[in-house]
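Novice: File work_32.txt follows (compact mmCIF, C-alpha atoms):
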```
# COMPACT_ATOMS: atom_id res chain seq x y z
CA MET E 28 60.87 243.92 140.69
CA CYS E 29 62.73 240.70 140.14
CA ALA E 30 64.45 240.44 143.54
CA PRO E 31 61.28 240.65 145.71
CA PHE E 32 59.61 238.10 143.46
CA LYS E 33 62.51 235.67 143.88
CA ILE E 34 62.48 236.07 147.66
CA ASP E 35 58.72 235.50 147.85
CA ILE E 36 58.99 232.31 145.85
CA HIS E 37 61.68 230.82 148.08
CA PHE E 38 59.98 231.90 151.27
CA SER E 39 56.98 229.86 150.22
CA VAL E 40 59.31 226.88 150.17
CA ALA E 41 60.92 227.83 153.48
CA ALA E 42 57.55 228.25 155.13
CA SER E 43 56.68 224.64 154.34
CA VAL E 44 59.70 223.38 156.29
CA ARG E 45 59.02 222.47 159.90
CA PRO E 46 61.19 224.53 162.29
CA ASN E 47 62.54 221.35 163.92
CA GLN E 48 63.85 220.14 160.58
CA ASN E 49 66.97 221.59 159.04
CA SER E 50 65.74 224.48 156.94
CA ARG E 51 68.90 224.53 154.85
CA MET E 52 67.58 222.17 152.23
CA PRO E 53 69.49 222.06 148.92
CA ILE E 54 66.97 224.40 147.26
CA LEU E 55 67.57 227.05 149.93
CA ARG E 56 71.33 226.89 149.32
CA THR E 57 70.71 228.34 145.85
CA ILE E 58 68.97 231.52 146.93
CA SER E 59 70.66 234.88 147.15
CA ALA E 60 72.60 235.78 150.29
CA PRO E 61 70.12 238.43 151.55
CA ALA E 62 67.18 236.05 151.17
CA ARG E 63 69.13 233.27 152.90
CA ASN E 64 69.95 235.53 155.82
CA ILE E 65 66.29 236.38 156.27
CA ALA E 66 65.33 232.71 155.98
CA ASP E 67 67.90 231.81 158.66
CA LEU E 68 66.47 234.50 160.90
CA LEU E 69 62.93 233.14 160.55
CA PHE E 70 63.98 229.49 160.58
CA PRO E 71 67.30 229.16 162.50
CA PRO E 72 69.36 226.33 160.97
CA THR E 73 69.52 223.28 163.18
CA CYS E 74 72.16 220.58 163.52
CA TRP E 75 71.91 217.82 160.92
CA ALA E 76 72.57 215.23 163.62
CA ASP E 77 70.33 216.74 166.30
CA PRO E 78 67.27 218.69 165.10
CA HIS E 79 66.76 220.07 168.62
CA ALA E 80 70.16 221.80 168.65
CA LEU E 81 71.11 224.89 166.68
CA GLU E 82 73.91 224.73 164.15
CA SER E 83 77.11 226.33 165.35
CA HIS E 84 79.40 225.66 162.39
CA ALA E 85 79.12 223.82 159.06
CA GLY E 86 75.81 222.15 159.78
CA LEU E 87 76.66 220.72 163.19
CA SER E 88 76.16 221.83 166.77
CA GLU E 89 79.12 222.00 169.12
CA ALA E 90 77.87 218.90 170.95
CA SER E 91 77.63 216.85 167.73
CA ARG E 92 81.04 218.01 166.55
CA LEU E 93 82.56 217.07 169.91
CA ALA E 94 80.87 213.65 169.80
CA ILE E 95 82.35 212.94 166.36
CA ALA E 96 85.76 214.09 167.58
CA ARG E 97 85.55 211.59 170.44
CA LEU E 98 84.76 208.77 168.00
CA ALA E 99 87.60 209.83 165.72
CA ALA E 100 90.01 209.86 168.68
CA GLN E 101 89.44 206.17 169.45
CA SER E 102 92.37 203.87 168.74
CA TYR E 103 91.74 201.35 165.98
CA CYS E 104 93.64 198.83 163.91
CA HIS E 105 94.80 200.45 160.69
CA ARG E 106 94.55 197.13 158.92
CA CYS E 107 90.98 196.01 159.67
CA GLY E 108 89.48 199.17 161.16
CA LEU E 109 88.23 197.55 164.38
CA THR E 110 88.62 199.31 167.72
CA THR E 111 91.69 198.44 169.79
CA GLY E 112 93.10 199.37 173.16
CA PRO E 113 94.23 202.94 173.78
CA PHE E 114 97.94 202.09 173.52
CA ALA E 115 97.79 199.65 170.60
CA ALA E 116 99.46 200.48 167.29
CA ASN E 117 98.17 197.82 164.94
CA ASN E 118 98.79 198.00 161.22
CA LYS E 119 99.68 195.81 158.25
CA SER E 120 102.87 194.58 159.91
CA HIS E 121 101.27 194.12 163.33
CA PRO E 122 97.63 193.04 162.84
CA CYS E 123 95.32 193.05 165.81
CA ALA E 124 93.79 189.91 167.31
CA ARG E 125 90.48 190.61 165.58
CA CYS E 126 91.81 191.13 162.06
CA PRO E 127 90.62 187.62 161.02
CA GLU E 128 87.06 188.80 161.71
CA ARG E 129 87.28 191.34 158.91
CA LEU E 130 89.64 190.23 156.17
CA ALA E 131 88.59 192.64 153.46
CA GLY E 132 91.50 191.95 151.13
CA ILE E 133 93.00 195.40 151.56
CA THR E 134 96.26 196.76 152.93
CA ARG E 135 94.99 199.38 155.38
CA THR E 136 91.80 201.04 156.58
CA ALA E 137 91.04 204.61 157.59
CA ARG E 138 87.81 205.38 159.44
CA VAL E 139 86.12 208.32 161.11
CA GLY E 140 84.51 206.26 163.87
CA THR E 141 82.29 203.37 164.82
CA PHE E 142 78.69 202.97 163.67
CA SER E 143 77.14 205.02 166.44
CA ASP E 144 75.54 208.42 166.85
CA PRO E 145 75.92 211.06 165.64
CA LEU E 146 77.57 209.39 162.64
CA VAL E 147 74.66 206.95 162.23
CA THR E 148 72.13 209.78 161.99
CA LEU E 149 74.25 211.68 159.49
CA ILE E 150 74.76 208.61 157.30
CA HIS E 151 71.07 207.73 157.35
CA ARG E 152 70.04 211.28 156.45
CA LEU E 153 72.56 211.38 153.62
CA LYS E 154 71.72 207.92 152.32
CA PHE E 155 67.98 207.60 152.74
CA ALA E 156 66.69 211.17 153.13
CA ARG E 157 68.78 212.44 150.19
CA ASN E 158 70.38 215.24 152.17
CA TRP E 159 73.39 215.59 149.91
CA GLU E 160 74.82 218.47 151.91
CA ILE E 161 75.83 216.03 154.64
CA ALA E 162 78.59 214.64 152.41
CA ALA E 163 80.35 218.00 152.70
CA ILE E 164 79.94 217.91 156.48
CA LEU E 165 81.49 214.44 156.75
CA ALA E 166 84.30 215.10 154.26
CA PRO E 167 86.68 216.97 156.61
CA PHE E 168 86.54 214.13 159.13
CA LEU E 169 87.27 211.52 156.47
CA HIS E 170 90.02 213.67 154.99
CA HIS E 171 91.71 213.80 158.40
CA ALA E 172 91.37 210.01 158.85
CA ILE E 173 92.90 209.23 155.45
CA THR E 174 95.73 211.72 155.92
CA THR E 175 96.56 210.34 159.37
CA VAL E 176 96.76 206.71 158.22
CA ALA E 177 98.65 207.62 155.05
CA GLU E 178 101.26 209.64 156.94
CA GLU E 179 101.76 207.01 159.63
CA SER E 180 102.20 204.26 157.03
CA HIS E 181 104.22 206.43 154.61
CA THR E 182 101.66 205.70 151.89
CA SER E 183 100.69 208.14 149.18
CA ILE E 184 97.11 208.96 148.27
CA ASP E 185 97.17 208.63 144.50
CA CYS E 186 93.43 208.40 143.90
CA LEU E 187 90.05 207.83 145.54
CA ILE E 188 87.72 205.20 144.09
CA PRO E 189 84.11 205.32 145.34
CA ILE E 190 82.35 201.97 145.68
CA PRO E 191 79.78 201.98 142.85
CA LEU E 192 76.09 201.21 143.13
CA HIS E 193 74.26 199.06 140.62
CA TRP E 194 72.76 201.33 137.97
CA TRP E 195 69.20 200.43 138.94
CA ARG E 196 69.68 201.21 142.63
CA LYS E 197 71.46 204.45 141.78
CA ALA E 198 68.57 205.43 139.52
CA ARG E 199 66.05 204.73 142.27
CA ARG E 200 68.04 206.56 144.94
CA GLY E 201 69.10 209.37 142.65
CA PHE E 202 72.75 209.37 143.68
CA ASN E 203 75.56 207.27 145.12
CA GLN E 204 76.48 208.32 148.66
CA ALA E 205 80.04 206.96 148.26
CA GLU E 206 80.54 209.21 145.22
CA GLU E 207 79.19 212.21 147.10
CA ILE E 208 81.55 211.60 150.04
CA ALA E 209 84.54 210.96 147.77
CA GLY E 210 83.83 214.09 145.74
CA GLU E 211 83.59 216.37 148.76
CA THR E 212 86.72 214.82 150.31
CA ALA E 213 88.69 215.30 147.10
CA LYS E 214 87.74 218.98 147.03
CA LEU E 215 89.61 219.53 150.29
CA SER E 216 92.89 218.19 149.00
CA GLY E 217 92.89 218.00 145.23
CA TRP E 218 93.05 214.21 145.36
CA LYS E 219 92.14 212.54 142.11
CA ILE E 220 88.93 210.52 141.78
CA GLN E 221 88.77 207.56 139.42
CA ARG E 222 85.90 205.20 138.61
CA PRO E 223 87.36 202.00 137.14
CA LEU E 224 84.91 199.81 139.10
CA LYS E 225 81.49 198.83 137.80
CA ARG E 226 78.77 196.99 139.69
CA ILE E 227 77.49 194.46 137.16
CA ARG E 228 75.05 192.56 139.35
CA GLY E 229 72.18 193.83 141.43
CA THR E 230 72.37 192.55 145.00
CA SER E 231 70.18 192.58 148.06
CA PRO E 232 70.93 195.48 150.44
CA GLN E 233 73.73 194.40 152.74
CA ALA E 234 72.05 196.13 155.68
CA ARG E 235 69.29 193.52 155.58
CA ILE E 236 71.72 190.61 155.90
CA THR E 237 73.32 189.70 159.21
CA ALA E 238 75.31 186.50 158.56
CA PRO E 239 78.86 187.31 157.37
CA THR E 240 78.96 184.32 155.01
CA VAL E 241 75.68 185.34 153.40
CA ARG E 242 76.89 188.94 153.04
CA ALA E 243 80.02 187.70 151.30
CA GLU E 244 78.01 185.50 148.95
CA ASN E 245 75.62 188.35 148.21
CA VAL E 246 78.33 190.58 146.70
CA LYS E 247 80.50 187.79 145.23
CA GLY E 248 81.28 188.65 141.62
CA ALA E 249 79.26 191.87 141.83
CA PHE E 250 82.12 194.08 140.56
CA ILE E 251 84.40 194.23 137.58
CA CYS E 252 87.33 196.58 137.04
CA ARG E 253 88.19 197.90 133.61
CA SER E 254 91.80 197.80 132.50
CA ASP E 255 93.26 201.14 133.47
CA SER E 256 96.98 201.77 133.12
CA SER E 257 96.72 204.82 135.39
CA LEU E 258 96.22 202.49 138.39
CA ALA E 259 99.50 200.65 137.84
CA GLY E 260 101.82 201.01 140.80
CA LYS E 261 99.52 203.49 142.55
CA HIS E 262 98.20 203.55 146.10
CA ILE E 263 94.43 203.65 145.72
CA TRP E 264 91.75 204.25 148.39
CA LEU E 265 88.29 202.70 148.11
CA ILE E 266 85.65 205.03 149.57
CA ASP E 267 82.40 203.89 151.18
CA ASP E 268 80.05 205.11 153.88
CA VAL E 269 79.86 202.04 156.15
CA THR E 270 81.63 198.71 156.38
CA THR E 271 80.19 195.95 158.54
CA THR E 272 82.00 192.73 157.70
CA GLY E 273 84.16 194.06 154.90
CA ALA E 274 82.39 191.91 152.29
CA THR E 275 81.61 194.72 149.85
CA ILE E 276 85.10 196.21 150.01
CA HIS E 277 86.58 192.72 149.66
CA ALA E 278 84.54 192.06 146.51
CA ALA E 279 85.61 195.40 145.03
CA ALA E 280 89.26 194.82 145.92
CA LEU E 281 89.13 191.34 144.40
CA ALA E 282 87.91 192.77 141.10
CA ILE E 283 90.88 195.14 141.06
CA ARG E 284 93.31 192.34 141.89
CA LYS E 285 92.10 190.46 138.79
CA LEU E 286 93.73 193.07 136.58
CA PRO E 287 96.82 191.96 134.64
CA ARG E 288 99.89 192.12 136.85
CA GLU E 289 101.34 195.10 135.00
CA LEU E 290 98.14 197.12 135.64
CA ARG E 291 97.66 196.34 139.33
CA PRO E 292 98.03 199.08 141.95
CA ALA E 293 100.79 199.01 144.55
CA SER E 294 98.23 198.85 147.36
CA ILE E 295 94.46 198.79 147.80
CA ASN E 296 93.29 200.68 150.86
CA ALA E 297 89.88 201.62 152.22
CA ALA E 298 88.46 204.75 153.84
CA VAL E 299 84.99 204.77 155.40
CA ILE E 300 82.91 206.97 157.64
CA CYS E 301 81.82 204.16 159.96
CA VAL E 302 83.02 200.68 160.89
CA THR E 303 80.44 198.49 162.55
CA ASP E 304 82.14 197.21 165.71
CA HIS E 305 79.92 195.21 168.03
CA ALA E 306 82.60 194.92 170.69
CA SER E 307 82.56 197.52 173.42
CA PRO E 308 85.21 200.18 172.79
CA PRO E 309 87.87 200.56 175.46
CA PRO E 310 87.34 203.38 177.97
```
Hey, can you dump this file as structure tokens for me?
Specialist:
Amino acid sequence: MCAPFKIDIHFSVAASVRPNQNSRMPILRTISAPARNIADLLFPPTCWADPHALESHAGLSEASRLAIARLAAQSYCHRCGLTTGPFAANNKSHPCARCPERLAGITRTARVGTFSDPLVTLIHRLKFARNWEIAAILAPFLHHAITTVAEESHTSIDCLIPIPLHWWRKARRGFNQAEEIAGETAKLSGWKIQRPLKRIRGTSPQARITAPTVRAENVKGAFICRSDSSLAGKHIWLIDDVTTTGATIHAAALAIRKLPRELRPASINAAVICVTDHASPPP
């Protein structure tokens, strides 16, 4: 008697979901396998990035997965994260010509791609529509980006540090997308997650500010880093969803650099899903 009752309850939820929307909402992930199979039959799961395309694997259609792969295949400077020519190999020792545009105070940057679709849609759905499942979809791409940069630069991945939200904004949103992404990425590799950073000042949303100088001023002094001996001599990776001018990552890195010399990490690196690059990528 219990099983049919449970299925009926969850079907009432499934029936309220429009077919064009992704029916695999978090509540439907908790139902039993038989009920989920029936729900998928009645409401075929669609791609998180394209509601008009059916999911082929892990929440994405083949077209969306291929589009992300193309973005990830673009050459970019491993110091600033901006797109470079197809044969460039820019890094800490050989910065690209545009590195001065994005001096984030870090050693190296790993990215999945530029701020364009389908990554934009996935980030917006994760961040503003509270579709937490998308963090698990993005994690394999970020894991590959971090691993690639770390191997090429012979840098270890000692811990991931998600960029924190101010407590009030986190309470209003219900979660921190950087923590969700970092957590899902760490699951794939066993990388350690640490949270020594704290956002002590509420700031205006960076997305609403266009001037780089104003963005930098907005997050100036917004972070502090507690004294943590486990960071000493380690290669740490700051995790965020999007970086536009590098101001937020710079402010976080500066807080870490204020630690006593004996507690400072060996390097501060960044890993993001998207880098906003207004220049046209090379063909």
Novice: Write out as a list of chain:residue names which residues come within 9 Å of Asn118 in chain E when counting all atoms listed in the file, dropping same-chain ones fewer than 4 positions away.
Specialist: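 Contacts, in chain order: E:Cys104, E:His105, E:Arg106, E:Cys107, E:Pro122, E:Cys123, E:Thr134, E:Arg135, E:Thr136, E:Ser180.
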Novice: Using only C-alpha atoms - which residues lie no farther than 9 Å from the point (95.9, 209.3, 147.6) in the file's frame? Write them as a list in words.
Specialist: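 Result, sorted by chain then residue number: Ile173, Thr174, Ala177, Thr182, Ser183, Ile184, Asp185, Cys186, Leu187, Trp218, Lys219, Lys261, His262, Ile263 and Trp264 of chain E.
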Novice: With distances taken over all atoms listed in the file, which residue among E:Pro72, E:Gly86, E:Pro292, E:Pro287 lies nearest Ile161 in chain E?
Specialist: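 Among E:Pro72, E:Gly86, E:Pro292, E:Pro287, it is E:Gly86 that comes nearest to Ile161 in chain E.
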Novice: Find the residues near Ile283 in chain E: any atom within 8 Å, counting all atoms listed in the file, skip ones fewer than 4 places away on the same chain, and give them as number ranges by chain.
Specialist: E: 224, 251-252, 279, 291
Novice: Have a look at E:Glu89, E:Glu211, E:Asp255, E:Asp304 and name the one nearest to Leu290 in chain E; count all atoms listed in the file.
Specialist: E:Asp255
Novice: Go through E:Trp195, E:Phe202, E:Tyr103, E:Phe250 one by one, measure the shortest atom-to-atom distance of each to Pro223 in chain E using all atoms listed in the file, and give the residue with the smallest value.
Specialist: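 Going through E:Trp195, E:Phe202, E:Tyr103, E:Phe250 one by one, the smallest distance to Pro223 in chain E is for E:Phe250.
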Novice: So, counting all atoms listed in the file, which residue among E:His171, E:Lys247, E:Arg228, E:Arg157 is closest to Pro191 in chain E?
Specialist: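 Ranked by minimum distance to Pro191 in chain E, first place goes to E:Arg228.
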Novice: May I ask which of the residues E:Glu179, E:Ala90, E:Trp75, E:Ile95 is the closest one to Asn117 in chain E, counting all atoms listed in the file?
Specialist: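 Among E:Glu179, E:Ala90, E:Trp75, E:Ile95, it is E:Glu179 that comes nearest to Asn117 in chain E.
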Novice: Quick check, in Å to one decimal: how far apart do CA of Leu169 in chain E and CA of Val139 in chain E lie?
Specialist: 5.8 Å
Novice: Between CA of Ala131 in chain E and CA of Ile266 in chain E, measure the distance and give it in Å to one decimal.
Specialist: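 Answer for the CA of Ala131 in chain E to CA of Ile266 in chain E separation: 13.3 Å.
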Novice: Interatomic distance between CA of His151 in chain E and CA of Leu93 in chain E?
Specialist: 19.4 Å
Novice: For Lys225 in chain E, list every protein, DNA or RNA residue within 12 Å, evaluated using all atoms listed in the file, and leave out those in the same chain fewer than 4 positions away; present the list as a short mmCIF file (atom, residue, chain, number, x, y, z; two decimals) with C-alpha atoms, in the coordinates of the input.
Specialist:
```cif
data_model
loop_
_atom_site.label_atom_id
_atom_site.label_comp_id
_atom_site.auth_asym_id
_atom_site.auth_seq_id
_atom_site.Cartn_x
_atom_site.Cartn_y
_atom_site.Cartn_z
CA ILE E 188 87.72 205.20 144.09
CA PRO E 189 84.11 205.32 145.34
CA ILE E 190 82.35 201.97 145.68
CA PRO E 191 79.78 201.98 142.85
CA LEU E 192 76.09 201.21 143.13
CA HIS E 193 74.26 199.06 140.62
CA TRP E 194 72.76 201.33 137.97
CA GLN E 221 88.77 207.56 139.42
CA GLY E 229 72.18 193.83 141.43
CA GLY E 248 81.28 188.65 141.62
CA ALA E 249 79.26 191.87 141.83
CA PHE E 250 82.12 194.08 140.56
CA ILE E 251 84.40 194.23 137.58
CA CYS E 252 87.33 196.58 137.04
CA ARG E 253 88.19 197.90 133.61
CA SER E 254 91.80 197.80 132.50
CA ALA E 278 84.54 192.06 146.51
CA ALA E 279 85.61 195.40 145.03
CA ALA E 280 89.26 194.82 145.92
CA ALA E 282 87.91 192.77 141.10
CA ILE E 283 90.88 195.14 141.06
#
```
Novice: Got a sec: who's within 9 Å of Thr270 in chain E, counting only C-alpha atoms, leaving out chain neighbours fewer than 6 positions off, as a short mmCIF file (atom, residue, chain, number, x, y, z; two decimals) with C-alpha atoms, in the frame of the given file?
Specialist:
```
data_model
loop_
_atom_site.label_atom_id
_atom_site.label_comp_id
_atom_site.auth_asym_id
_atom_site.auth_seq_id
_atom_site.Cartn_x
_atom_site.Cartn_y
_atom_site.Cartn_z
CA PHE E 142 78.69 202.97 163.67
CA ILE E 276 85.10 196.21 150.01
CA VAL E 299 84.99 204.77 155.40
CA ILE E 300 82.91 206.97 157.64
CA CYS E 301 81.82 204.16 159.96
CA VAL E 302 83.02 200.68 160.89
CA THR E 303 80.44 198.49 162.55
#
```
Novice: Taking all atoms listed in the file into account, which of E:Val269, E:Pro113, E:Ala243, E:Leu286 comes nearest Ala205 in chain E?
Specialist: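 Checking each of E:Val269, E:Pro113, E:Ala243, E:Leu286 against Ala205 in chain E, counting all atoms listed in the file, the winner is E:Val269.
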Novice: Within 12 Å of (84.6, 213.3, 155.7) in the file's own coordinates, which protein, DNA or RNA residues have an atom, counting all atoms listed in the file? List them as an MDAnalysis selection string.
Specialist: chainID E and resid 95:96 99 137:140 146 149:150 160:174 204:216 266:268 298:301
Novice: As JSON, please report the centre and edge lengths, rounded to one decimal in Å, of the axis-aligned box that holds all listed atoms of range 194-207 of chain E with 5 Å of padding on each of the six sides.
Specialist:
```
{"center_x": 73.3, "center_y": 206.3, "center_z": 143.3, "size_x": 24.5, "size_y": 21.8, "size_z": 20.7}
```
